[in-house]
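Participant: Handing you this structure, nothing more for now.
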Amino acid sequence: RSSDLDNASLKNVVVTYRDGVGKKTVTFTLKNLTTTPASGGAMKIDAEADYQNLPVKIDASLGALATLMRPGTPYPIEAAVSAGGAMVKLAGNAADPVRGHGLNFTVSVDGQDLGTLGALTGASLPAKPYHLAATISGDADKAITLKGLQASLGASSINGDASLTLAGARPKLSGHFTAPMLDLTEFPQGKAPPPAAAGSADADRMFSSAPLPAEVLRAADADISLNAAAIKTSSMTLQNLSRQLSLVDQVLQVKPVSVTLSGGVLNAAVDLS
């Protein structure tokens, strides 16, 4: 009953996970969680927690429990989560939130330093401001669509629409994107491979003779287009890049590829199976 959850409270709940292989310990502490009734049988949730000593604050409003028990009736959810300098906002409804069906949400993520979140996860990420916004719809076990996607990180930005289909033999990722600027110099650079030894098979090659990992082609299908006005690297700036990528049944095609470089236009195509 909804009344059983009205004015509920939890305090100082500690969950600790110890990785038996890496011997890493992860601690989550729910310092305080309260629920209060709202109009129309809805419920408001306020929570404060710590994840690995990182403060987390949650403010959420959920629809009436009676609505949740009627699949097909849009169940409203609105939430704001702040953690690691990031603010995540979610608003919308779901026809069946338990099964993840009939999703219809707007989501946004904003922060001033992505490196803070990277340190939390152990990843090396740029210490740059970031923004992400999109409308999410679909069924979690069939297909998810992102409309009006807007993303930025430092000087880089990209816009477009994307979808992920899960119902076929393999997942399929589709997307059509435009980018005014992609500044790759702001991303952490991996270590360069050592130079090929003199007299080796790779000594006179631009690309290594090592086989590409074929298992990557088996993981999913894809249909992605990208039009970028400028892509900045540590050695050059590419302009007017146009690329269409197709991956179907382990056959990868990237064509046409068109880019302006040093005042000239380069056109190319790639087929890989």
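Chain lettering (A, B, ...) mirrors the order of the structure tokens, residue numbering begins at 1 for each chain separately, and ligand numbering begins at 1 in order of display.
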Arg99 (chain A): which residues within 10 Å, counting only C-alpha atoms, same-chain residues fewer than 5 positions away excluded, as a list in words?
Facilitator: Pro71, Ala94, Asp139, Ala140 and Asp141 of chain A
Participant: Could the residues of region 29-52 of chain A that have an atom at most 10 Å from region 79-90 of chain A be listed as CSV, each with its closest atom pair and the distance in Å to one decimal, counting only C-alpha atoms and ordered by chain and ascending residue number?
Facilitator:
residue,atom,partner,partner_atom,distance
A:Lys44,CA,A:Ala79,CA,9.7
A:Ile45,CA,A:Ala79,CA,9.0
A:Asp46,CA,A:Ala79,CA,9.8
A:Ala47,CA,A:Val81,CA,9.5
A:Glu48,CA,A:Ser82,CA,9.8
A:Ala49,CA,A:Ala83,CA,9.5
A:Asp50,CA,A:Ala83,CA,9.1
A:Tyr51,CA,A:Ala83,CA,8.9
Participant: Write out as a PDB file with N, CA, C and O atoms, in the first residue's frame the residues lying within 12 Å of region 233-244 of chain A, counting only C-alpha atoms and excluding same-chain residues fewer than 3 positions away.
Facilitator:
ATOM      1  N   SER A 156      34.963  20.636 -27.826  1.00  0.00           N
ATOM      2  CA  SER A 156      34.298  19.711 -28.747  1.00  0.00           C
ATOM      3  C   SER A 156      32.790  19.704 -28.533  1.00  0.00           C
ATOM      4  O   SER A 156      32.318  19.830 -27.405  1.00  0.00           O
ATOM      5  N   SER A 174      22.676   2.731 -34.580  1.00  0.00           N
ATOM      6  CA  SER A 174      22.483   3.634 -35.706  1.00  0.00           C
ATOM      7  C   SER A 174      22.590   5.069 -35.207  1.00  0.00           C
ATOM      8  O   SER A 174      22.186   5.373 -34.085  1.00  0.00           O
ATOM      9  N   GLY A 175      23.126   5.937 -36.051  1.00  0.00           N
ATOM     10  CA  GLY A 175      23.231   7.332 -35.637  1.00  0.00           C
ATOM     11  C   GLY A 175      23.622   8.234 -36.790  1.00  0.00           C
ATOM     12  O   GLY A 175      24.309   7.812 -37.726  1.00  0.00           O
ATOM     13  N   HIS A 176      23.167   9.455 -36.710  1.00  0.00           N
ATOM     14  CA  HIS A 176      23.500  10.483 -37.694  1.00  0.00           C
ATOM     15  C   HIS A 176      23.914  11.725 -36.907  1.00  0.00           C
ATOM     16  O   HIS A 176      23.110  12.293 -36.154  1.00  0.00           O
ATOM     17  N   PHE A 177      25.186  12.144 -37.082  1.00  0.00           N
ATOM     18  CA  PHE A 177      25.750  13.171 -36.222  1.00  0.00           C
ATOM     19  C   PHE A 177      26.414  14.279 -37.040  1.00  0.00           C
ATOM     20  O   PHE A 177      26.945  14.035 -38.126  1.00  0.00           O
ATOM     21  N   THR A 178      26.390  15.478 -36.480  1.00  0.00           N
ATOM     22  CA  THR A 178      27.139  16.614 -37.014  1.00  0.00           C
ATOM     23  C   THR A 178      27.971  17.190 -35.876  1.00  0.00           C
ATOM     24  O   THR A 178      27.540  17.191 -34.706  1.00  0.00           O
ATOM     25  N   ALA A 179      29.166  17.671 -36.213  1.00  0.00           N
ATOM     26  CA  ALA A 179      30.070  18.205 -35.190  1.00  0.00           C
ATOM     27  C   ALA A 179      30.738  19.475 -35.705  1.00  0.00           C
ATOM     28  O   ALA A 179      31.490  19.411 -36.682  1.00  0.00           O
ATOM     29  N   PRO A 180      30.492  20.618 -35.081  1.00  0.00           N
ATOM     30  CA  PRO A 180      31.217  21.834 -35.464  1.00  0.00           C
ATOM     31  C   PRO A 180      32.716  21.704 -35.208  1.00  0.00           C
ATOM     32  O   PRO A 180      33.535  22.191 -35.986  1.00  0.00           O
ATOM     33  N   MET A 181      33.078  21.023 -34.087  1.00  0.00           N
ATOM     34  CA  MET A 181      34.490  20.863 -33.737  1.00  0.00           C
ATOM     35  C   MET A 181      34.668  19.636 -32.864  1.00  0.00           C
ATOM     36  O   MET A 181      33.896  19.412 -31.920  1.00  0.00           O
ATOM     37  N   LEU A 182      35.665  18.815 -33.191  1.00  0.00           N
ATOM     38  CA  LEU A 182      36.100  17.722 -32.333  1.00  0.00           C
ATOM     39  C   LEU A 182      37.582  17.945 -32.055  1.00  0.00           C
ATOM     40  O   LEU A 182      38.430  17.797 -32.958  1.00  0.00           O
ATOM     41  N   ASP A 183      37.898  18.324 -30.827  1.00  0.00           N
ATOM     42  CA  ASP A 183      39.281  18.627 -30.446  1.00  0.00           C
ATOM     43  C   ASP A 183      39.869  17.429 -29.729  1.00  0.00           C
ATOM     44  O   ASP A 183      39.696  17.251 -28.523  1.00  0.00           O
ATOM     45  N   LEU A 184      40.581  16.581 -30.466  1.00  0.00           N
ATOM     46  CA  LEU A 184      41.137  15.355 -29.898  1.00  0.00           C
ATOM     47  C   LEU A 184      42.331  15.622 -29.002  1.00  0.00           C
ATOM     48  O   LEU A 184      42.740  14.747 -28.230  1.00  0.00           O
ATOM     49  N   THR A 185      42.891  16.824 -29.079  1.00  0.00           N
ATOM     50  CA  THR A 185      44.051  17.139 -28.241  1.00  0.00           C
ATOM     51  C   THR A 185      43.665  17.280 -26.773  1.00  0.00           C
ATOM     52  O   THR A 185      44.543  17.256 -25.901  1.00  0.00           O
ATOM     53  N   GLU A 186      42.375  17.452 -26.495  1.00  0.00           N
ATOM     54  CA  GLU A 186      41.935  17.591 -25.107  1.00  0.00           C
ATOM     55  C   GLU A 186      41.740  16.251 -24.415  1.00  0.00           C
ATOM     56  O   GLU A 186      41.523  16.204 -23.202  1.00  0.00           O
ATOM     57  N   PHE A 187      41.825  15.165 -25.176  1.00  0.00           N
ATOM     58  CA  PHE A 187      41.649  13.835 -24.606  1.00  0.00           C
ATOM     59  C   PHE A 187      43.004  13.244 -24.250  1.00  0.00           C
ATOM     60  O   PHE A 187      44.003  13.490 -24.931  1.00  0.00           O
ATOM     61  N   PRO A 188      43.054  12.427 -23.178  1.00  0.00           N
ATOM     62  CA  PRO A 188      44.323  11.776 -22.823  1.00  0.00           C
ATOM     63  C   PRO A 188      44.846  10.944 -23.982  1.00  0.00           C
ATOM     64  O   PRO A 188      44.094  10.212 -24.624  1.00  0.00           O
ATOM     65  N   GLN A 189      46.122  11.083 -24.252  1.00  0.00           N
ATOM     66  CA  GLN A 189      46.727  10.360 -25.360  1.00  0.00           C
ATOM     67  C   GLN A 189      47.352   9.061 -24.863  1.00  0.00           C
ATOM     68  O   GLN A 189      48.065   9.049 -23.861  1.00  0.00           O
ATOM     69  N   ALA A 222      26.156  -1.831 -37.277  1.00  0.00           N
ATOM     70  CA  ALA A 222      26.143  -0.382 -37.099  1.00  0.00           C
ATOM     71  C   ALA A 222      25.839   0.318 -38.411  1.00  0.00           C
ATOM     72  O   ALA A 222      26.142  -0.193 -39.498  1.00  0.00           O
ATOM     73  N   ASP A 223      25.255   1.488 -38.307  1.00  0.00           N
ATOM     74  CA  ASP A 223      24.988   2.365 -39.448  1.00  0.00           C
ATOM     75  C   ASP A 223      25.119   3.795 -38.935  1.00  0.00           C
ATOM     76  O   ASP A 223      24.193   4.325 -38.317  1.00  0.00           O
ATOM     77  N   ILE A 224      26.278   4.405 -39.156  1.00  0.00           N
ATOM     78  CA  ILE A 224      26.588   5.685 -38.530  1.00  0.00           C
ATOM     79  C   ILE A 224      27.142   6.651 -39.574  1.00  0.00           C
ATOM     80  O   ILE A 224      28.025   6.292 -40.357  1.00  0.00           O
ATOM     81  N   SER A 225      26.622   7.859 -39.563  1.00  0.00           N
ATOM     82  CA  SER A 225      27.164   8.918 -40.422  1.00  0.00           C
ATOM     83  C   SER A 225      27.657  10.066 -39.547  1.00  0.00           C
ATOM     84  O   SER A 225      27.079  10.364 -38.498  1.00  0.00           O
ATOM     85  N   LEU A 226      28.751  10.675 -39.983  1.00  0.00           N
ATOM     86  CA  LEU A 226      29.333  11.803 -39.251  1.00  0.00           C
ATOM     87  C   LEU A 226      29.770  12.865 -40.238  1.00  0.00           C
ATOM     88  O   LEU A 226      30.478  12.578 -41.214  1.00  0.00           O
ATOM     89  N   ASN A 227      29.351  14.102 -39.996  1.00  0.00           N
ATOM     90  CA  ASN A 227      29.820  15.258 -40.740  1.00  0.00           C
ATOM     91  C   ASN A 227      30.431  16.231 -39.733  1.00  0.00           C
ATOM     92  O   ASN A 227      29.723  16.758 -38.861  1.00  0.00           O
ATOM     93  N   ALA A 228      31.746  16.418 -39.836  1.00  0.00           N
ATOM     94  CA  ALA A 228      32.459  17.265 -38.883  1.00  0.00           C
ATOM     95  C   ALA A 228      33.103  18.436 -39.615  1.00  0.00           C
ATOM     96  O   ALA A 228      33.834  18.242 -40.596  1.00  0.00           O
ATOM     97  N   ALA A 229      32.822  19.644 -39.152  1.00  0.00           N
ATOM     98  CA  ALA A 229      33.416  20.828 -39.778  1.00  0.00           C
ATOM     99  C   ALA A 229      34.919  20.875 -39.539  1.00  0.00           C
ATOM    100  O   ALA A 229      35.681  21.297 -40.408  1.00  0.00           O
ATOM    101  N   ALA A 230      35.358  20.427 -38.354  1.00  0.00           N
ATOM    102  CA  ALA A 230      36.793  20.440 -38.051  1.00  0.00           C
ATOM    103  C   ALA A 230      37.113  19.377 -37.011  1.00  0.00           C
ATOM    104  O   ALA A 230      36.348  19.173 -36.063  1.00  0.00           O
ATOM    105  N   LEU A 247      28.308  -1.479 -40.727  1.00  0.00           N
ATOM    106  CA  LEU A 247      28.797  -2.783 -40.275  1.00  0.00           C
ATOM    107  C   LEU A 247      27.607  -3.726 -40.249  1.00  0.00           C
ATOM    108  O   LEU A 247      26.715  -3.598 -39.409  1.00  0.00           O
ATOM    109  N   LEU A 252      32.506  -4.615 -42.658  1.00  0.00           N
ATOM    110  CA  LEU A 252      32.644  -3.204 -42.331  1.00  0.00           C
ATOM    111  C   LEU A 252      32.942  -2.409 -43.594  1.00  0.00           C
ATOM    112  O   LEU A 252      33.878  -2.730 -44.339  1.00  0.00           O
ATOM    113  N   GLN A 253      32.151  -1.385 -43.849  1.00  0.00           N
ATOM    114  CA  GLN A 253      32.382  -0.481 -44.968  1.00  0.00           C
ATOM    115  C   GLN A 253      32.377   0.950 -44.446  1.00  0.00           C
ATOM    116  O   GLN A 253      31.474   1.341 -43.711  1.00  0.00           O
ATOM    117  N   VAL A 254      33.394   1.690 -44.797  1.00  0.00           N
ATOM    118  CA  VAL A 254      33.459   3.115 -44.475  1.00  0.00           C
ATOM    119  C   VAL A 254      33.612   3.839 -45.802  1.00  0.00           C
ATOM    120  O   VAL A 254      34.716   3.919 -46.361  1.00  0.00           O
ATOM    121  N   LYS A 255      32.488   4.321 -46.325  1.00  0.00           N
ATOM    122  CA  LYS A 255      32.530   5.005 -47.616  1.00  0.00           C
ATOM    123  C   LYS A 255      31.209   5.735 -47.848  1.00  0.00           C
ATOM    124  O   LYS A 255      30.151   5.269 -47.371  1.00  0.00           O
ATOM    125  N   PRO A 256      31.288   6.856 -48.486  1.00  0.00           N
ATOM    126  CA  PRO A 256      32.561   7.490 -48.847  1.00  0.00           C
ATOM    127  C   PRO A 256      33.163   8.229 -47.646  1.00  0.00           C
ATOM    128  O   PRO A 256      32.445   8.611 -46.732  1.00  0.00           O
ATOM    129  N   VAL A 257      34.479   8.413 -47.678  1.00  0.00           N
ATOM    130  CA  VAL A 257      35.162   9.261 -46.713  1.00  0.00           C
ATOM    131  C   VAL A 257      35.714  10.453 -47.476  1.00  0.00           C
ATOM    132  O   VAL A 257      36.460  10.288 -48.438  1.00  0.00           O
ATOM    133  N   SER A 258      35.336  11.641 -47.056  1.00  0.00           N
ATOM    134  CA  SER A 258      35.815  12.851 -47.706  1.00  0.00           C
ATOM    135  C   SER A 258      36.309  13.822 -46.646  1.00  0.00           C
ATOM    136  O   SER A 258      35.634  14.030 -45.624  1.00  0.00           O
ATOM    137  N   VAL A 259      37.504  14.406 -46.865  1.00  0.00           N
ATOM    138  CA  VAL A 259      38.055  15.327 -45.886  1.00  0.00           C
ATOM    139  C   VAL A 259      38.954  16.326 -46.599  1.00  0.00           C
ATOM    140  O   VAL A 259      39.624  15.999 -47.583  1.00  0.00           O
ATOM    141  N   THR A 260      38.943  17.566 -46.108  1.00  0.00           N
ATOM    142  CA  THR A 260      39.826  18.608 -46.632  1.00  0.00           C
ATOM    143  C   THR A 260      41.087  18.649 -45.787  1.00  0.00           C
ATOM    144  O   THR A 260      41.024  18.789 -44.568  1.00  0.00           O
ATOM    145  N   LEU A 261      42.248  18.513 -46.454  1.00  0.00           N
ATOM    146  CA  LEU A 261      43.529  18.459 -45.757  1.00  0.00           C
ATOM    147  C   LEU A 261      44.557  19.250 -46.547  1.00  0.00           C
ATOM    148  O   LEU A 261      44.786  18.979 -47.732  1.00  0.00           O
ATOM    149  N   SER A 262      45.147  20.246 -45.883  1.00  0.00           N
ATOM    150  CA  SER A 262      46.190  21.083 -46.515  1.00  0.00           C
ATOM    151  C   SER A 262      45.710  21.688 -47.825  1.00  0.00           C
ATOM    152  O   SER A 262      46.465  21.765 -48.812  1.00  0.00           O
ATOM    153  N   GLY A 263      44.456  22.097 -47.848  1.00  0.00           N
ATOM    154  CA  GLY A 263      43.923  22.767 -49.028  1.00  0.00           C
ATOM    155  C   GLY A 263      43.421  21.847 -50.113  1.00  0.00           C
ATOM    156  O   GLY A 263      42.817  22.295 -51.086  1.00  0.00           O
ATOM    157  N   GLY A 264      43.663  20.541 -49.983  1.00  0.00           N
ATOM    158  CA  GLY A 264      43.187  19.580 -50.966  1.00  0.00           C
ATOM    159  C   GLY A 264      42.084  18.709 -50.388  1.00  0.00           C
ATOM    160  O   GLY A 264      41.854  18.691 -49.176  1.00  0.00           O
ATOM    161  N   VAL A 265      41.386  18.003 -51.248  1.00  0.00           N
ATOM    162  CA  VAL A 265      40.287  17.135 -50.821  1.00  0.00           C
ATOM    163  C   VAL A 265      40.710  15.687 -51.004  1.00  0.00           C
ATOM    164  O   VAL A 265      41.134  15.278 -52.094  1.00  0.00           O
ATOM    165  N   LEU A 266      40.601  14.903 -49.938  1.00  0.00           N
ATOM    166  CA  LEU A 266      40.935  13.491 -49.975  1.00  0.00           C
ATOM    167  C   LEU A 266      39.655  12.666 -49.931  1.00  0.00           C
ATOM    168  O   LEU A 266      38.809  12.848 -49.037  1.00  0.00           O
ATOM    169  N   ASN A 267      39.484  11.755 -50.890  1.00  0.00           N
ATOM    170  CA  ASN A 267      38.354  10.854 -50.920  1.00  0.00           C
ATOM    171  C   ASN A 267      38.863   9.422 -50.800  1.00  0.00           C
ATOM    172  O   ASN A 267      39.869   9.057 -51.442  1.00  0.00           O
ATOM    173  N   ALA A 268      38.191   8.626 -49.992  1.00  0.00           N
ATOM    174  CA  ALA A 268      38.659   7.256 -49.772  1.00  0.00           C
ATOM    175  C   ALA A 268      37.478   6.364 -49.425  1.00  0.00           C
ATOM    176  O   ALA A 268      36.358   6.829 -49.192  1.00  0.00           O
ATOM    177  N   ALA A 269      37.760   5.065 -49.411  1.00  0.00           N
ATOM    178  CA  ALA A 269      36.748   4.073 -49.022  1.00  0.00           C
ATOM    179  C   ALA A 269      37.471   2.898 -48.383  1.00  0.00           C
ATOM    180  O   ALA A 269      38.609   2.576 -48.720  1.00  0.00           O
ATOM    181  N   VAL A 270      36.790   2.256 -47.415  1.00  0.00           N
ATOM    182  CA  VAL A 270      37.369   1.122 -46.697  1.00  0.00           C
ATOM    183  C   VAL A 270      36.369  -0.015 -46.688  1.00  0.00           C
ATOM    184  O   VAL A 270      35.181   0.190 -46.384  1.00  0.00           O
ATOM    185  N   ASP A 271      36.823  -1.207 -47.063  1.00  0.00           N
ATOM    186  CA  ASP A 271      36.017  -2.426 -46.959  1.00  0.00           C
ATOM    187  C   ASP A 271      36.803  -3.432 -46.154  1.00  0.00           C
ATOM    188  O   ASP A 271      37.967  -3.712 -46.450  1.00  0.00           O
TER     189      ASP A 271
END
Participant: Tell me, which residues of region 62-235 of chain A carry DSSP strand (DSSP E), written as number ranges by chain?
Facilitator: A: 62, 75-83, 86-96, 101-111, 130-139, 143-153, 156-165, 172-183, 221-232
Participant: Just the residues within 12 Å of Gln112 (chain A), please, counting only C-alpha atoms, with nothing from its chain fewer than 2 positions along; format it as a list of chain:residue names.
Facilitator: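 Non-adjacent residues within range: A:Ala83, A:Gly84, A:Gly85, A:Ala86, A:Met87, A:Val109, A:Asp110, A:Leu114, A:Gly115, A:Thr116, A:Leu117, A:Pro126, A:Ala127, A:Lys128, A:Pro129, A:Tyr130, A:His131, A:Ser152, A:Leu153, A:Gly154.
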Participant: Out of A:Ile158, A:Ile77, A:Gly63, A:Leu120, which residue has the shortest atom-to-atom distance to Val26 (chain A) when counting only C-alpha atoms?
Facilitator: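 Looking at the shortest contact to Val26 (chain A), the residue is A:Leu120.
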Participant: Skipping near chain neighbours, those fewer than 5 positions away, what residues fall within 12 Å of His101 (chain A) using only C-alpha atoms, listed as a PyMOL selection string?
Facilitator: chain A and resi 71-75+93-96+136-144
